[in-house]
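A short write-up of the structure that comes next.
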Amino acid sequence: MNLSSIQGVVLTNVEQVPGKTIVEHYGLVTGNTVRAKHVGRDIAASFKNLVGGELKGYTELLGDAREQATTRMVEQAQALGANAVVNVRFSTSAVAQGAAELYVYGTAVRAE
Amino acid sequence: MDDSADTINLLLLILIYGMPVFLAVFGLVVGSILERRHFASIRQRELQYARLPIFPTRSADADRSVVDGHLVVASVVVSLDYFKKILASLRNIFGGNVRSYESLLDRAKREAILRLKEQVPDCDAIINLRLETSNLANVHSRKKGIGGVEVIAYGTAIRYRSEN
């Protein structure tokens, strides 16, 4: 999962873009995605569940979903004319049985 | 005739009551081998990446100027083995430390932090580290499901201007 910069938009989770100065703020941008796991992965995970440890299938699934949510946020930022998103935060919540919501938000800025 | 029916009944009994016991023993043995192996790998990699510091604060070294910084994210989903799940549910009766979950979450957090570092081996520091834990189990039903706990670690990887 490489989220350092998507489509040329730099992401950080501090208030500035290190090495640059912020010249304009565009406000909040968000991205979300709700994903459910598919049956094949569920069966594999239920075997893995017996012995515990990492459920690689789920790690991958949530990683992909988080990337998608971040891409949505970045597209919003680009539409505003931003070239960076600062103060990025992630959150995950199990909203229904077998489905999780991944949410990303941050502040869109122009940094030079 | 009666004899064979008895043996079939006995076999069924063993199958029905023996299966959970077998699963618990299997989970205990294989699960603890895997856990020990994972901890050994974590300790070894932690030594390997010891020179890359991580700070939960917003800046690490105010005297040095930062030239480059970007977001890094890593996550890991883990679950308990069958035997420890039974132990943890027994804990609900008496209360107290649920030690099986303590070691599970310790593993998950250290693994997530290591995956952060492995993504940016050539940066100078990672600042503003955030760790978040979320439950993926069925929150809306009492039905037993696969469940699992996701740990996500993220921060900003920075590079200082080289001093020369």
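Order determines the names: the first chain of the structure tokens is A, the second B, and so forth; residues in each chain are numbered 1 upward, and ligands are numbered 1 upward as they are shown.
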Using the chain letters and numbers from this document, which residues of range 54-147 of chain B does DSSP assign to alpha helix (DSSP H), as a compact mmCIF listing (two decimals) with N, CA and C atoms, in the first residue's frame?
# COMPACT_ATOMS: atom_id res chain seq x y z
N TYR B 82 -8.32 -20.73 18.05
CA TYR B 82 -9.52 -21.33 18.64
C TYR B 82 -9.42 -21.50 20.15
N PHE B 83 -8.27 -21.98 20.60
CA PHE B 83 -8.10 -22.26 22.03
C PHE B 83 -8.13 -20.96 22.84
N LYS B 84 -7.41 -19.96 22.35
CA LYS B 84 -7.34 -18.69 23.10
C LYS B 84 -8.67 -17.97 23.10
N LYS B 85 -9.46 -18.20 22.01
CA LYS B 85 -10.79 -17.60 21.98
C LYS B 85 -11.64 -18.17 23.12
N ILE B 86 -11.50 -19.48 23.35
CA ILE B 86 -12.25 -20.11 24.45
C ILE B 86 -11.77 -19.53 25.78
N LEU B 87 -10.45 -19.43 25.93
CA LEU B 87 -9.88 -18.86 27.17
C LEU B 87 -10.40 -17.45 27.40
N ALA B 88 -10.42 -16.64 26.30
CA ALA B 88 -10.84 -15.25 26.44
C ALA B 88 -12.31 -15.17 26.84
N SER B 89 -13.13 -16.09 26.31
CA SER B 89 -14.55 -16.02 26.67
C SER B 89 -14.76 -16.48 28.12
N LEU B 90 -13.88 -17.37 28.61
CA LEU B 90 -13.96 -17.76 30.02
C LEU B 90 -13.60 -16.58 30.92
N ARG B 91 -12.71 -15.74 30.43
CA ARG B 91 -12.30 -14.55 31.18
C ARG B 91 -13.47 -13.63 31.49
N ASN B 92 -14.46 -13.67 30.58
CA ASN B 92 -15.64 -12.84 30.78
C ASN B 92 -16.36 -13.14 32.08
N ILE B 93 -16.20 -14.36 32.57
CA ILE B 93 -16.92 -14.74 33.80
C ILE B 93 -16.26 -14.10 35.01
N PHE B 94 -14.91 -14.17 35.05
CA PHE B 94 -14.23 -13.72 36.27
C PHE B 94 -13.66 -12.31 36.15
N ARG B 99 -5.07 -12.02 28.78
CA ARG B 99 -3.68 -12.00 28.34
C ARG B 99 -3.53 -12.41 26.87
N SER B 100 -4.42 -13.28 26.40
CA SER B 100 -4.29 -13.73 25.01
C SER B 100 -4.49 -12.57 24.04
N TYR B 101 -5.39 -11.66 24.38
CA TYR B 101 -5.57 -10.49 23.52
C TYR B 101 -4.43 -9.50 23.66
N GLU B 102 -3.85 -9.42 24.86
CA GLU B 102 -2.70 -8.51 25.05
C GLU B 102 -1.56 -8.86 24.10
N SER B 103 -1.23 -10.16 24.05
CA SER B 103 -0.09 -10.52 23.20
C SER B 103 -0.47 -10.41 21.73
N LEU B 104 -1.73 -10.69 21.40
CA LEU B 104 -2.17 -10.57 20.00
C LEU B 104 -2.04 -9.13 19.51
N LEU B 105 -2.50 -8.19 20.33
CA LEU B 105 -2.46 -6.79 19.90
C LEU B 105 -1.05 -6.24 19.91
N ASP B 106 -0.23 -6.74 20.83
CA ASP B 106 1.18 -6.36 20.85
C ASP B 106 1.85 -6.76 19.54
N ARG B 107 1.60 -8.00 19.13
CA ARG B 107 2.14 -8.50 17.86
C ARG B 107 1.68 -7.64 16.70
N ALA B 108 0.38 -7.36 16.67
CA ALA B 108 -0.19 -6.63 15.53
C ALA B 108 0.38 -5.23 15.44
N LYS B 109 0.52 -4.54 16.58
CA LYS B 109 1.01 -3.17 16.55
C LYS B 109 2.47 -3.11 16.14
N ARG B 110 3.27 -4.03 16.70
CA ARG B 110 4.68 -4.02 16.33
C ARG B 110 4.87 -4.38 14.87
N GLU B 111 4.06 -5.30 14.37
CA GLU B 111 4.14 -5.68 12.96
C GLU B 111 3.76 -4.50 12.05
N ALA B 112 2.70 -3.77 12.42
CA ALA B 112 2.26 -2.64 11.60
C ALA B 112 3.35 -1.57 11.55
N ILE B 113 3.99 -1.29 12.70
CA ILE B 113 5.06 -0.29 12.74
C ILE B 113 6.24 -0.73 11.89
N LEU B 114 6.56 -2.02 11.96
CA LEU B 114 7.67 -2.53 11.15
C LEU B 114 7.38 -2.40 9.66
N ARG B 115 6.12 -2.64 9.27
CA ARG B 115 5.77 -2.52 7.85
C ARG B 115 5.88 -1.07 7.38
N LEU B 116 5.61 -0.12 8.28
CA LEU B 116 5.83 1.29 7.97
C LEU B 116 7.29 1.51 7.63
N LYS B 117 8.16 1.04 8.54
CA LYS B 117 9.59 1.27 8.36
C LYS B 117 10.12 0.59 7.11
N GLU B 118 9.59 -0.60 6.80
CA GLU B 118 10.08 -1.34 5.63
C GLU B 118 9.75 -0.62 4.32
N GLN B 119 8.71 0.22 4.35
CA GLN B 119 8.36 0.95 3.13
C GLN B 119 9.32 2.09 2.85
Contacts between chain B and chain A, please, where a residue of chain A counts if it comes within 6 Å (with only C-alpha atoms); show its shortest atom pair and distance in Å to one decimal, rows by chain and ascending number, as CSV.
residue,atom,partner,partner_atom,distance
A:Ser4,CA,B:Leu71,CA,4.6
A:Leu11,CA,B:Leu71,CA,5.4
A:Thr12,CA,B:Leu71,CA,4.5
A:Asn13,CA,B:Thr156,CA,6.0
A:Pro18,CA,B:Gly69,CA,5.1
A:Gly19,CA,B:Val67,CA,4.3
A:Asn49,CA,B:Asp81,CA,5.9
A:Leu50,CA,B:Tyr82,CA,5.0
A:Val51,CA,B:Asp81,CA,4.4
A:Gly52,CA,B:Asp81,CA,3.8
A:Gly53,CA,B:Val78,CA,5.2
A:Glu54,CA,B:Val78,CA,4.2
A:Leu55,CA,B:Val78,CA,5.5
A:Thr59,CA,B:Val77,CA,5.2
A:Ala94,CA,B:Leu136,CA,5.6
A:Gln97,CA,B:Asn138,CA,5.1
| query | Counting only C-alpha atoms, what is within 10 Å of range 101-111 of chain A, bar same-chain residues fewer than 4 positions away, as a PyMOL selection string? | reply | chain A and resi 9-13+15-36+62-63+65-74+76-78+80-96
| remark: Between CA of Gln7 in chain A and CA of Ile126 in chain B lies a distance of 22.6 Å
| query | What gap, in Å, lies between CA of Pro53 in chain B and CA of Val120 in chain B? | reply |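 It comes out at 11.6 Å.
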| task | Apply DSSP to the backbone of this structure and, from range 10-100 of chain A, keep only the residues in strand (DSSP E); write these as a PyMOL selection string. | result | chain A and resi 10-11+22-36+53-54+84-96+99-100
| message | Report, in Å with one decimal, the straight-line distance from CA of Asp122 in chain B to CA of Asn2 in chain A. | response |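 A separation of 15.2 Å between them.
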